[in-house]
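Asks: So here's coords.txt (compact mmCIF, C-alpha atoms and all ligand atoms).
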# COMPACT_ATOMS: atom_id res chain seq x y z
CA MET A 1 -7.01 -13.16 22.39
CA THR A 2 -10.75 -12.47 22.28
CA THR A 3 -12.56 -12.49 18.94
CA ARG A 4 -16.17 -11.97 18.12
CA LEU A 5 -18.10 -13.50 15.26
CA LEU A 6 -21.40 -12.02 14.17
CA THR A 7 -23.41 -13.51 11.35
CA ASP A 8 -25.54 -11.54 8.89
CA GLY A 9 -25.35 -8.41 10.98
CA ALA A 10 -27.45 -10.05 13.67
CA SER A 11 -28.06 -8.07 16.81
CA CYS A 12 -27.21 -9.98 19.96
CA PRO A 13 -29.34 -9.13 22.98
CA ASP A 14 -28.45 -11.07 26.10
CA ALA A 15 -31.71 -12.76 27.00
CA PRO A 16 -31.77 -13.35 30.79
CA SER A 17 -32.83 -16.95 30.23
CA GLY A 18 -29.89 -17.56 27.92
CA HIS A 19 -29.73 -18.78 24.34
CA PRO A 20 -30.78 -22.15 22.93
CA VAL A 21 -28.06 -24.21 21.29
CA MET A 22 -28.79 -27.12 18.96
CA LEU A 23 -25.93 -29.62 18.73
CA THR A 24 -25.92 -32.26 15.99
CA THR A 25 -23.40 -35.09 15.67
CA ARG A 26 -22.03 -36.34 12.35
CA ASP A 27 -24.53 -39.21 12.35
CA GLY A 28 -27.48 -36.89 13.01
CA VAL A 29 -27.95 -37.29 16.77
CA ARG A 30 -29.37 -34.01 18.10
CA PHE A 31 -29.06 -32.46 21.59
CA ASP A 32 -30.76 -29.24 22.62
CA VAL A 33 -29.31 -27.27 25.50
CA ARG A 34 -29.62 -23.71 26.78
CA CYS A 35 -26.62 -21.56 27.64
CA ALA A 36 -27.16 -19.36 30.68
CA PRO A 37 -25.77 -15.83 30.29
CA GLY A 38 -21.99 -15.98 30.50
CA GLU A 39 -21.96 -19.77 30.20
CA ASP A 40 -19.92 -21.54 27.50
CA VAL A 41 -21.49 -24.20 25.27
CA LEU A 42 -19.37 -27.07 26.67
CA SER A 43 -20.43 -26.32 30.25
CA ALA A 44 -24.09 -25.90 29.25
CA ALA A 45 -24.03 -29.31 27.53
CA ALA A 46 -22.40 -30.92 30.61
CA ARG A 47 -25.01 -29.29 32.87
CA ALA A 48 -27.71 -30.83 30.66
CA GLY A 49 -26.03 -34.25 31.05
CA TYR A 50 -24.05 -34.44 27.80
CA VAL A 51 -20.27 -34.59 28.22
CA LEU A 52 -18.72 -33.71 24.85
CA PRO A 53 -15.13 -34.59 23.84
CA SER A 54 -12.94 -32.04 25.60
CA MET A 55 -9.90 -31.83 27.82
CA CYS A 56 -8.49 -28.54 29.13
CA HIS A 57 -11.68 -26.41 29.36
CA LYS A 58 -9.48 -23.36 28.81
CA GLY A 59 -9.04 -23.09 25.04
CA SER A 60 -5.60 -24.63 24.87
CA CYS A 61 -5.97 -28.25 23.69
CA GLY A 62 -8.36 -28.00 20.72
CA ALA A 63 -10.28 -31.14 21.75
CA CYS A 64 -13.69 -29.37 21.76
CA SER A 65 -13.49 -27.88 18.26
CA ALA A 66 -16.78 -27.84 16.30
CA THR A 67 -18.48 -25.84 13.56
CA VAL A 68 -20.72 -23.13 14.97
CA GLU A 69 -23.41 -21.17 13.12
CA GLY A 70 -24.81 -18.09 14.82
CA ALA A 71 -23.45 -15.07 16.63
CA HIS A 72 -21.17 -15.80 19.54
CA GLU A 73 -18.15 -14.54 21.38
CA LEU A 74 -15.01 -16.61 21.49
CA GLY A 75 -13.05 -16.30 24.71
CA GLU A 76 -9.33 -16.48 25.32
CA HIS A 77 -7.74 -19.42 23.51
CA SER A 78 -4.49 -20.61 22.00
CA PRO A 79 -4.04 -20.10 18.24
CA GLN A 80 -2.55 -23.62 18.16
CA ALA A 81 -5.83 -25.02 19.43
CA LEU A 82 -7.86 -23.15 16.80
CA PRO A 83 -5.84 -22.22 13.70
CA GLU A 84 -6.99 -19.09 11.84
CA LYS A 85 -8.01 -21.07 8.76
CA ASP A 86 -10.33 -23.31 10.83
CA ARG A 87 -11.81 -20.23 12.51
CA ALA A 88 -12.39 -18.65 9.10
CA ALA A 89 -14.20 -21.84 8.03
CA GLY A 90 -16.63 -21.51 10.97
CA ALA A 91 -14.90 -23.58 13.67
CA SER A 92 -14.96 -22.59 17.31
CA LEU A 93 -13.84 -24.05 20.64
CA LEU A 94 -16.97 -24.95 22.58
CA CYS A 95 -15.28 -24.45 25.97
CA CYS A 96 -14.90 -20.75 25.19
CA THR A 97 -17.90 -20.18 22.91
CA TYR A 98 -20.44 -17.80 24.45
CA PRO A 99 -23.66 -17.46 22.38
CA THR A 100 -25.16 -14.06 21.76
CA GLU A 101 -28.09 -15.54 19.80
CA PRO A 102 -29.41 -19.09 19.19
CA LEU A 103 -26.64 -21.34 17.82
CA GLN A 104 -26.44 -24.44 15.66
CA VAL A 105 -23.39 -26.57 16.32
CA SER A 106 -22.17 -29.36 14.03
CA LEU A 107 -20.11 -31.78 16.10
CA PRO A 108 -17.29 -33.53 14.17
CA PHE A 109 -17.96 -36.97 15.68
CA GLU A 110 -20.69 -39.54 16.05
CA GLY A 111 -23.26 -39.73 18.83
CA ASN A 112 -21.47 -42.60 20.59
CA ARG A 113 -18.65 -40.19 21.59
CA VAL A 114 -21.01 -38.18 23.79
CA ILE A 115 -20.94 -39.34 27.41
CA HIS A 116 -24.32 -39.25 29.11
CA GLY A 117 -24.07 -38.21 32.76
CA SER A 118 -20.57 -38.02 34.15
CA VAL A 119 -17.21 -39.24 32.89
CA PRO A 120 -16.43 -42.71 34.30
CA GLU A 121 -13.55 -42.87 36.79
CA ARG A 122 -11.70 -46.04 37.84
CA GLN A 123 -8.82 -46.86 40.13
CA ALA A 124 -5.94 -48.69 38.47
CA GLN A 125 -2.85 -50.60 39.59
CA VAL A 126 0.38 -49.91 37.75
CA LEU A 127 1.41 -53.22 36.12
CA ALA A 128 4.54 -52.22 34.23
CA VAL A 129 6.62 -49.15 33.40
CA ASP A 130 9.22 -49.65 30.65
CA ALA A 131 11.37 -47.29 28.64
CA VAL A 132 10.88 -48.19 24.95
CA SER A 133 13.24 -45.76 23.17
CA PRO A 134 17.07 -45.80 23.29
CA ASP A 135 17.10 -42.40 25.05
CA GLY A 136 14.88 -43.85 27.78
CA LEU A 137 12.38 -40.97 27.55
CA THR A 138 9.51 -42.73 25.79
CA VAL A 139 7.82 -44.95 28.33
CA ARG A 140 5.18 -47.63 28.03
CA VAL A 141 2.87 -47.74 31.05
CA ARG A 142 0.55 -50.72 31.55
CA LEU A 143 -2.36 -50.35 33.97
CA ALA A 144 -4.86 -52.86 35.41
CA LEU A 145 -8.20 -51.09 35.93
CA GLU A 146 -10.34 -52.20 38.83
CA PRO A 147 -13.77 -53.51 37.79
CA ASP A 148 -16.68 -51.07 38.02
CA GLU A 149 -20.48 -51.48 38.06
CA VAL A 150 -21.02 -50.38 34.47
CA SER A 151 -18.25 -52.18 32.57
CA GLY A 152 -17.26 -54.93 34.99
CA ALA A 153 -13.65 -55.85 34.28
CA ALA A 154 -13.82 -54.70 30.65
CA VAL A 155 -12.06 -51.62 29.30
CA GLU A 156 -14.31 -50.28 26.56
CA PHE A 157 -13.19 -47.54 24.21
CA GLU A 158 -12.79 -46.69 20.56
CA SER A 159 -9.23 -46.79 19.24
CA GLY A 160 -8.08 -43.16 19.09
CA GLN A 161 -9.63 -42.09 22.39
CA PHE A 162 -7.74 -40.87 25.45
CA VAL A 163 -8.05 -41.01 29.22
CA GLU A 164 -7.04 -38.60 31.96
CA VAL A 165 -4.62 -39.93 34.55
CA SER A 166 -4.19 -38.60 38.08
CA LEU A 167 -2.92 -39.84 41.42
CA PRO A 168 -5.47 -40.77 44.11
CA GLY A 169 -6.56 -37.69 46.05
CA LEU A 170 -4.99 -35.19 43.63
CA GLU A 171 -6.85 -32.81 41.32
CA VAL A 172 -4.04 -32.51 38.76
CA ARG A 173 -4.56 -34.67 35.65
CA ARG A 174 -2.87 -35.36 32.34
CA ALA A 175 -4.40 -36.75 29.13
CA TYR A 176 -2.93 -39.83 27.44
CA SER A 177 -4.15 -41.68 24.38
CA LEU A 178 -4.82 -45.36 24.85
CA ALA A 179 -2.28 -47.39 22.87
CA ASN A 180 -3.90 -50.81 23.26
CA VAL A 181 -7.36 -52.00 22.22
CA ALA A 182 -10.64 -52.46 24.08
CA ASN A 183 -10.45 -55.66 26.12
CA TRP A 184 -12.13 -57.80 28.76
CA ASP A 185 -9.05 -57.98 31.00
CA GLY A 186 -9.13 -54.47 32.42
CA GLU A 187 -5.85 -53.46 30.81
CA ALA A 188 -4.96 -49.97 29.61
CA GLU A 189 -1.69 -49.10 27.93
CA LEU A 190 -0.16 -45.63 27.52
CA LEU A 191 2.86 -44.40 25.59
CA VAL A 192 4.29 -41.34 27.29
CA ARG A 193 7.16 -39.09 26.25
CA ARG A 194 8.78 -37.66 29.40
CA GLN A 195 9.06 -33.85 29.31
CA PRO A 196 11.76 -31.96 31.24
CA GLY A 197 10.36 -30.76 34.56
CA GLY A 198 6.93 -32.25 33.86
CA TRP A 199 4.67 -33.40 36.69
CA PHE A 200 3.66 -36.82 35.35
CA SER A 201 7.06 -37.14 33.65
CA GLY A 202 8.64 -36.83 37.11
CA ILE A 203 6.40 -39.55 38.50
CA LEU A 204 7.43 -41.85 35.63
CA ALA A 205 11.11 -41.07 36.24
CA ASP A 206 10.64 -42.01 39.89
CA TRP A 207 8.86 -45.28 39.02
CA LEU A 208 11.63 -46.15 36.52
CA ALA A 209 14.39 -45.40 39.01
CA ASN A 210 12.87 -46.66 42.26
CA GLY A 211 10.17 -49.12 41.21
CA PHE A 212 6.40 -48.76 41.08
CA GLU A 213 5.33 -51.53 43.42
CA GLY A 214 1.84 -50.86 44.79
CA ALA A 215 1.48 -47.66 42.75
CA GLN A 216 -2.10 -46.68 41.95
CA VAL A 217 -3.55 -44.10 39.61
CA VAL A 218 -7.05 -42.84 38.82
CA VAL A 219 -8.15 -43.18 35.21
CA ARG A 220 -10.95 -40.95 33.91
CA GLY A 221 -12.53 -41.65 30.54
CA PRO A 222 -12.46 -42.77 27.79
CA MET A 223 -13.00 -39.50 25.97
CA GLY A 224 -12.30 -37.88 22.64
CA ALA A 225 -13.52 -37.85 19.08
CA PHE A 226 -10.45 -39.16 17.22
CA GLY A 227 -10.98 -42.62 15.73
CA LEU A 228 -11.21 -44.85 12.68
CA HIS A 229 -13.79 -44.14 9.99
CA GLU A 230 -15.35 -47.07 8.20
CA ASN A 231 -14.92 -46.18 4.52
CA GLY A 232 -14.80 -49.50 2.71
CA VAL A 233 -11.37 -50.86 1.92
CA ARG A 234 -9.50 -47.65 1.13
CA PRO A 235 -5.85 -47.85 2.26
CA ARG A 236 -5.17 -46.28 5.65
CA TRP A 237 -2.04 -44.25 6.12
CA PHE A 238 -1.12 -43.15 9.64
CA VAL A 239 1.19 -40.20 10.30
CA ALA A 240 2.64 -39.94 13.81
CA GLY A 241 4.95 -37.46 15.47
CA GLY A 242 6.57 -38.94 18.59
CA THR A 243 3.99 -40.32 21.01
CA GLY A 244 1.31 -39.32 18.51
CA LEU A 245 1.99 -42.98 17.74
CA ALA A 246 -0.16 -44.08 20.71
CA PRO A 247 -3.70 -43.63 19.27
CA LEU A 248 -2.51 -44.77 15.84
CA ALA A 249 -0.95 -47.93 17.33
CA SER A 250 -4.33 -48.63 18.91
CA MET A 251 -6.04 -48.24 15.52
CA VAL A 252 -3.53 -50.56 13.81
CA ARG A 253 -3.94 -53.15 16.57
CA ARG A 254 -7.71 -52.94 16.25
CA MET A 255 -7.48 -53.42 12.48
CA ALA A 256 -5.36 -56.55 13.02
CA GLU A 257 -7.79 -57.86 15.64
CA TRP A 258 -10.73 -57.43 13.26
CA GLY A 259 -8.86 -58.86 10.28
CA ASP A 260 -9.25 -55.63 8.25
CA PRO A 261 -7.91 -56.06 4.71
CA GLN A 262 -6.86 -52.46 3.93
CA PRO A 263 -3.21 -51.73 3.17
CA VAL A 264 -1.65 -49.86 6.09
CA ARG A 265 1.32 -47.54 6.32
CA ILE A 266 2.65 -45.77 9.42
CA TYR A 267 4.95 -42.78 9.02
CA LEU A 268 6.61 -42.36 12.39
CA GLY A 269 8.60 -39.17 12.88
CA VAL A 270 11.16 -38.27 15.53
CA ASN A 271 13.87 -35.61 15.80
CA ALA A 272 16.82 -38.02 16.21
CA GLN A 273 17.34 -41.83 16.22
CA PRO A 274 17.52 -42.22 20.03
CA GLU A 275 13.86 -41.11 20.23
CA LEU A 276 12.59 -43.90 17.94
CA PRO A 277 10.48 -46.41 19.87
CA ASP A 278 11.84 -49.94 19.52
CA LEU A 279 9.13 -52.20 18.05
CA ASP A 280 10.70 -55.19 19.86
CA LEU A 281 9.59 -53.46 23.07
CA LEU A 282 6.06 -52.96 21.71
CA PRO A 283 5.42 -56.61 20.79
CA GLU A 284 1.65 -56.31 20.36
CA LEU A 285 2.13 -53.58 17.76
CA ALA A 286 4.80 -55.64 15.99
CA GLU A 287 2.40 -58.64 15.98
CA ALA A 288 -0.37 -56.48 14.54
CA PHE A 289 1.97 -55.48 11.71
CA ASP A 290 2.74 -59.12 11.02
CA ALA A 291 -0.96 -60.05 11.08
CA LEU A 292 -2.10 -57.36 8.63
CA PRO A 293 -1.94 -58.44 4.97
CA ASP A 294 -0.10 -55.33 3.74
CA ALA A 295 1.53 -53.15 6.40
CA ALA A 296 4.63 -50.97 6.26
CA LEU A 297 6.40 -48.84 8.84
CA VAL A 298 8.25 -45.77 7.56
CA PRO A 299 10.47 -44.32 10.32
CA CYS A 300 11.47 -40.72 9.57
CA VAL A 301 14.31 -38.95 11.37
CA TRP A 302 14.42 -35.18 11.00
CA HIS A 303 18.02 -34.57 12.15
CA PRO A 304 19.85 -37.91 12.04
CA ASP A 305 23.12 -38.14 13.91
CA GLY A 306 25.56 -40.71 12.50
CA ALA A 307 24.49 -43.55 10.21
CA TRP A 308 20.81 -43.59 9.24
CA ASP A 309 19.59 -45.19 6.05
CA GLY A 310 15.89 -44.42 6.48
CA VAL A 311 13.90 -41.34 5.52
CA VAL A 312 15.58 -38.06 6.46
CA GLY A 313 12.96 -35.39 7.15
CA THR A 314 9.57 -35.16 8.75
CA PRO A 315 6.73 -37.63 8.22
CA ALA A 316 4.90 -34.81 6.39
CA ASP A 317 7.77 -34.70 3.86
CA ALA A 318 7.65 -38.48 3.38
CA LEU A 319 3.86 -38.42 3.06
CA GLU A 320 3.98 -35.70 0.41
CA LYS A 321 6.57 -37.61 -1.61
CA ASP A 322 4.56 -40.86 -1.53
CA LEU A 323 1.27 -39.14 -2.37
CA THR A 324 2.95 -37.41 -5.30
CA GLU A 325 4.18 -40.82 -6.50
CA LEU A 326 0.60 -42.14 -6.28
CA VAL A 327 -0.51 -39.34 -8.59
CA ALA A 328 2.31 -40.12 -11.04
CA ALA A 329 1.46 -43.84 -10.97
CA SER A 330 -2.18 -43.11 -11.83
CA CYS A 331 -1.05 -41.72 -15.26
CA GLY A 332 -3.80 -39.10 -15.22
CA GLY A 333 -6.52 -41.56 -14.15
CA PRO A 334 -8.38 -41.56 -10.83
CA VAL A 335 -6.15 -41.82 -7.75
CA ASP A 336 -6.95 -44.36 -5.02
CA TRP A 337 -6.42 -41.84 -2.21
CA PRO A 338 -5.76 -43.36 1.21
CA ASP A 339 -7.62 -42.24 4.31
CA LEU A 340 -5.10 -40.33 6.44
CA TYR A 341 -4.90 -40.32 10.25
CA VAL A 342 -2.47 -37.77 11.67
CA CYS A 343 -1.49 -37.31 15.31
CA GLY A 344 1.38 -35.29 16.73
CA PRO A 345 2.48 -31.74 17.48
CA PRO A 346 0.32 -29.05 15.79
CA ALA A 347 3.11 -28.08 13.34
CA LEU A 348 3.24 -31.67 12.05
CA VAL A 349 -0.55 -32.02 11.85
CA ASP A 350 -0.77 -28.75 9.89
CA ALA A 351 2.13 -29.65 7.56
CA ALA A 352 0.79 -33.16 6.82
CA THR A 353 -2.76 -31.89 6.27
CA ARG A 354 -1.58 -29.09 3.98
CA ALA A 355 0.67 -31.43 1.99
CA ALA A 356 -2.11 -34.01 1.56
CA VAL A 357 -4.80 -31.56 0.52
CA ASP A 358 -2.41 -29.72 -1.85
CA VAL A 359 -1.56 -32.99 -3.61
CA GLY A 360 -5.27 -33.77 -3.98
CA VAL A 361 -6.44 -35.90 -1.04
CA PRO A 362 -10.08 -34.93 -0.32
CA ALA A 363 -10.16 -32.93 2.94
CA ASP A 364 -12.78 -35.27 4.43
CA GLN A 365 -10.28 -38.15 4.14
CA VAL A 366 -7.80 -36.42 6.48
CA HIS A 367 -8.48 -37.05 10.18
CA SER A 368 -6.25 -35.61 12.86
CA GLU A 369 -5.61 -34.95 16.51
CA ARG A 370 -3.20 -32.34 17.83
CA CYS A 371 -0.96 -33.43 20.68
CA LEU A 372 -0.81 -30.38 22.92
CA PRO A 373 0.23 -30.23 26.58
CA SER A 374 -2.85 -31.09 28.68
C1 LIG B 1 -5.90 -35.39 24.13
C2 LIG B 1 -4.44 -35.51 24.54
C3 LIG B 1 -3.79 -36.71 24.40
C4 LIG B 1 -2.44 -36.82 24.78
N1 LIG B 1 -1.81 -38.02 24.60
C5 LIG B 1 -0.51 -38.12 24.94
C6 LIG B 1 0.18 -39.37 24.74
O1 LIG B 1 -0.40 -40.38 24.30
N2 LIG B 1 1.49 -39.43 25.10
C7 LIG B 1 2.17 -38.33 25.62
O2 LIG B 1 3.35 -38.44 25.92
N3 LIG B 1 1.53 -37.14 25.82
C8 LIG B 1 0.21 -37.03 25.50
N4 LIG B 1 -0.44 -35.84 25.73
C9 LIG B 1 0.29 -34.77 26.45
C10 LIG B 1 0.16 -35.06 27.97
O3 LIG B 1 -1.18 -34.88 28.37
C11 LIG B 1 1.01 -34.16 28.86
O4 LIG B 1 0.77 -32.82 28.51
C12 LIG B 1 2.51 -34.46 28.76
O5 LIG B 1 2.77 -35.82 29.06
C13 LIG B 1 3.30 -33.60 29.77
O6 LIG B 1 2.82 -33.85 31.06
P1 LIG B 1 3.76 -33.60 32.32
O7 LIG B 1 2.88 -33.64 33.53
O8 LIG B 1 4.93 -34.53 32.32
O9 LIG B 1 4.33 -32.15 32.07
P2 LIG B 1 3.70 -30.77 32.58
O10 LIG B 1 3.85 -30.66 34.06
O11 LIG B 1 2.33 -30.64 32.03
O12 LIG B 1 4.63 -29.75 31.81
C14 LIG B 1 5.95 -29.47 32.23
C15 LIG B 1 6.72 -28.74 31.15
O13 LIG B 1 6.84 -29.52 29.96
C16 LIG B 1 6.34 -28.80 28.86
N5 LIG B 1 5.69 -29.75 27.96
C17 LIG B 1 4.60 -30.49 28.25
N6 LIG B 1 4.28 -31.24 27.19
C18 LIG B 1 5.18 -30.96 26.21
C19 LIG B 1 5.36 -31.41 24.88
N7 LIG B 1 4.57 -32.32 24.32
N8 LIG B 1 6.42 -30.93 24.19
C20 LIG B 1 7.25 -30.01 24.73
N9 LIG B 1 7.11 -29.55 25.99
C21 LIG B 1 6.08 -30.01 26.72
C22 LIG B 1 5.36 -27.82 29.44
O14 LIG B 1 5.18 -26.68 28.63
C23 LIG B 1 6.04 -27.46 30.74
O15 LIG B 1 7.03 -26.49 30.55
C24 LIG B 1 -1.77 -35.71 25.34
C25 LIG B 1 -2.45 -34.49 25.49
C26 LIG B 1 -3.77 -34.39 25.09
C27 LIG B 1 -4.49 -33.08 25.27
S1 LIG B 2 -11.46 -28.41 25.94
FE1 LIG B 2 -11.75 -26.70 24.68
S2 LIG B 2 -9.77 -26.23 23.92
FE2 LIG B 2 -9.45 -27.82 25.39
Taking this structure as input, can you express it in the form of structure tokens?
Replies:
Amino acid sequence: MTTRLLTDGASCPDAPSGHPVMLTTRDGVRFDVRCAPGEDVLSAAARAGYVLPSMCHKGSCGACSATVEGAHELGEHSPQALPEKDRAAGASLLCCTYPTEPLQVSLPFEGNRVIHGSVPERQAQVLAVDAVSPDGLTVRVRLALEPDEVSGAAVEFESGQFVEVSLPGLEVRRAYSLANVANWDGEAELLVRRQPGGWFSGILADWLANGFEGAQVVVRGPMGAFGLHENGVRPRWFVAGGTGLAPLASMVRRMAEWGDPQPVRIYLGVNAQPELPDLDLLPELAEAFDALPDAALVPCVWHPDGAWDGVVGTPADALEKDLTELVAASCGGPVDWPDLYVCGPPALVDAATRAAVDVGVPADQVHSERCLPS
């Protein structure tokens, strides 16, 4: 699908030298770049030395979404990556945004998420590969990153960010959120749901069946704009669909590490019980829950088979019910709305966001990342 957005009837001559684009982050950091004719904004920024949060570079993952003012063409993209309502509100995907006049871009993240130069790449040894759900399809992968000149042994990232994983010598890569926290030991942890016929899923199946001794991967990143927002001590509610749990687990672990006092709730949704990750097999997450002063896990099973005494339905259903109860408990007074962090398939992200905003949660308190195939 190709759409075209023109503002105020502006004419759009294609200047041979290209169009200037002013990019401003949420905390006011400004970058000025120039798009050559036919060049998208993401590529122009990278050419100028600014690597913005992004993944697929083909309009399918939604990671490069930003608000764009000014006339531009929007190239082929997936409607899941840029829902119509976001487009109507001025959002665009920078990897397929082609200016036809000078643009102003508001980036939905802070300046520290912009990588200057090139994305760091490190070799890593596979330390452990363990199935953590009864159906054996959700797999925890632990990696030991080799030290590099910039970070030494440390693995530095903001909870919520992702890395790209490939095999040495191969171009093909897949994105995975980091499920652990920044550390000095060089360790990175991923939570991967194996997909039928999938490339990386097949590699994981092989490691599980035949062992992973000596296996190496290449880790590129960290990248991405998803992350915790420091907003005082408002409760934080996390809504995860499947392995959307990974970035949220990292945030919860970081909160425990920092001794954050906010009440925490995780709604974790799966289709059926055998998909539910076993917290005994994710001991660091279980410990973080124990360390936080007020933390609750709400597992939600959409189509339970056999006995299940937890929530039946999606995490969006459970969220809506609990938010409605908050309103009732406020007896007409002000509601102490939690900050919401949602990660999972687009349908879940959209349903949870819609439910929250309809009940009354301010839109700027809902933060989300869509888990799309990378
Ligand atoms: C920013 C970002 C973060 C991500 N984080 C995670 C994460 O933490 N954990 C995780 O498991 N995945 C995550 N993903 C998805 C991941 O990058 C891969 O797309 C996924 O693991 C499939 O890779 P694969 O090589 O096994 O399958 P592929 O070879 O890419 O695909 C094989 C088949 O599986 C289908 N498929 C792929 N993904 C899905 C899906 N989610 N649901 C249904 N069918 C699918 C494809 O359409 C295709 O038919 C993330 C994606 C992005 C963009
Ligand atoms: S990087 Fe633009 S949609 Fe994926």
Asks: For the atom pair CA of Gln104 in chain A and CA of Gly70 in chain A, what is the interatomic distance in Å to one decimal place?
Replies: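 Separation between CA of Gln104 in chain A and CA of Gly70 in chain A: 6.6 Å.
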Asks: Considering all atoms listed in the file, state which residue in the set A:Cys61, A:Leu282, A:Val349, A:Ala215 is at the smallest distance from ligand LIG 1 (chain B).
Replies: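 Closest residue, counting all atoms listed in the file: A:Cys61.
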Asks: What is the distance, in Å and to one decimal place, between atom C20 of ligand LIG 1 (chain B) and CA of Pro222 in chain A?
Replies: 23.7 Å
Asks: Show me which residues are within 9 Å of ligand LIG 1 (chain B) counting all atoms listed in the file, and format the list as an mmCIF file with C-alpha atoms, in the coordinates of the input.
Replies:
data_model
loop_
_atom_site.group_PDB
_atom_site.id
_atom_site.type_symbol
_atom_site.label_atom_id
_atom_site.label_comp_id
_atom_site.auth_asym_id
_atom_site.auth_seq_id
_atom_site.Cartn_x
_atom_site.Cartn_y
_atom_site.Cartn_z
ATOM 1 C CA SER A 54 -12.940 -32.040 25.600
ATOM 2 C CA MET A 55 -9.900 -31.830 27.820
ATOM 3 C CA CYS A 56 -8.490 -28.540 29.130
ATOM 4 C CA SER A 60 -5.600 -24.630 24.870
ATOM 5 C CA CYS A 61 -5.970 -28.250 23.690
ATOM 6 C CA GLY A 62 -8.360 -28.000 20.720
ATOM 7 C CA ALA A 63 -10.280 -31.140 21.750
ATOM 8 C CA THR A 138 9.510 -42.730 25.790
ATOM 9 C CA VAL A 139 7.820 -44.950 28.330
ATOM 10 C CA GLN A 161 -9.630 -42.090 22.390
ATOM 11 C CA PHE A 162 -7.740 -40.870 25.450
ATOM 12 C CA VAL A 163 -8.050 -41.010 29.220
ATOM 13 C CA GLU A 164 -7.040 -38.600 31.960
ATOM 14 C CA VAL A 165 -4.620 -39.930 34.550
ATOM 15 C CA VAL A 172 -4.040 -32.510 38.760
ATOM 16 C CA ARG A 173 -4.560 -34.670 35.650
ATOM 17 C CA ARG A 174 -2.870 -35.360 32.340
ATOM 18 C CA ALA A 175 -4.400 -36.750 29.130
ATOM 19 C CA TYR A 176 -2.930 -39.830 27.440
ATOM 20 C CA SER A 177 -4.150 -41.680 24.380
ATOM 21 C CA LEU A 178 -4.820 -45.360 24.850
ATOM 22 C CA ALA A 179 -2.280 -47.390 22.870
ATOM 23 C CA LEU A 190 -0.160 -45.630 27.520
ATOM 24 C CA LEU A 191 2.860 -44.400 25.590
ATOM 25 C CA VAL A 192 4.290 -41.340 27.290
ATOM 26 C CA ARG A 193 7.160 -39.090 26.250
ATOM 27 C CA ARG A 194 8.780 -37.660 29.400
ATOM 28 C CA GLN A 195 9.060 -33.850 29.310
ATOM 29 C CA PRO A 196 11.760 -31.960 31.240
ATOM 30 C CA GLY A 197 10.360 -30.760 34.560
ATOM 31 C CA GLY A 198 6.930 -32.250 33.860
ATOM 32 C CA TRP A 199 4.670 -33.400 36.690
ATOM 33 C CA PHE A 200 3.660 -36.820 35.350
ATOM 34 C CA SER A 201 7.060 -37.140 33.650
ATOM 35 C CA GLY A 202 8.640 -36.830 37.110
ATOM 36 C CA ILE A 203 6.400 -39.550 38.500
ATOM 37 C CA LEU A 204 7.430 -41.850 35.630
ATOM 38 C CA MET A 223 -13.000 -39.500 25.970
ATOM 39 C CA GLY A 224 -12.300 -37.880 22.640
ATOM 40 C CA GLY A 242 6.570 -38.940 18.590
ATOM 41 C CA THR A 243 3.990 -40.320 21.010
ATOM 42 C CA GLY A 244 1.310 -39.320 18.510
ATOM 43 C CA LEU A 245 1.990 -42.980 17.740
ATOM 44 C CA ALA A 246 -0.160 -44.080 20.710
ATOM 45 C CA PRO A 247 -3.700 -43.630 19.270
ATOM 46 C CA GLY A 344 1.380 -35.290 16.730
ATOM 47 C CA PRO A 345 2.480 -31.740 17.480
ATOM 48 C CA GLU A 369 -5.610 -34.950 16.510
ATOM 49 C CA ARG A 370 -3.200 -32.340 17.830
ATOM 50 C CA CYS A 371 -0.960 -33.430 20.680
ATOM 51 C CA LEU A 372 -0.810 -30.380 22.920
ATOM 52 C CA PRO A 373 0.230 -30.230 26.580
ATOM 53 C CA SER A 374 -2.850 -31.090 28.680
#
Asks: Within 7 Å of Leu23 in chain A, counting all atoms listed in the file, which residues qualify if same-chain residues fewer than 6 places away don't, as a compact mmCIF listing (two decimals) with C-alpha atoms, in the coordinates of the input?
Replies:
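That gives us around-v4.txt:
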# COMPACT_ATOMS: atom_id res chain seq x y z
CA ARG A 30 -29.37 -34.01 18.10
CA PHE A 31 -29.06 -32.46 21.59
CA ASP A 32 -30.76 -29.24 22.62
CA GLN A 104 -26.44 -24.44 15.66
CA VAL A 105 -23.39 -26.57 16.32
CA SER A 106 -22.17 -29.36 14.03
CA LEU A 107 -20.11 -31.78 16.10
Asks: May I ask which of the residues A:Leu285, A:Val335, A:Val342, A:Ala291 is the closest one to Tyr267 in chain A, counting all atoms listed in the file?
Replies: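 Comparing A:Leu285, A:Val335, A:Val342, A:Ala291 against Tyr267 in chain A, the winner is A:Val342.
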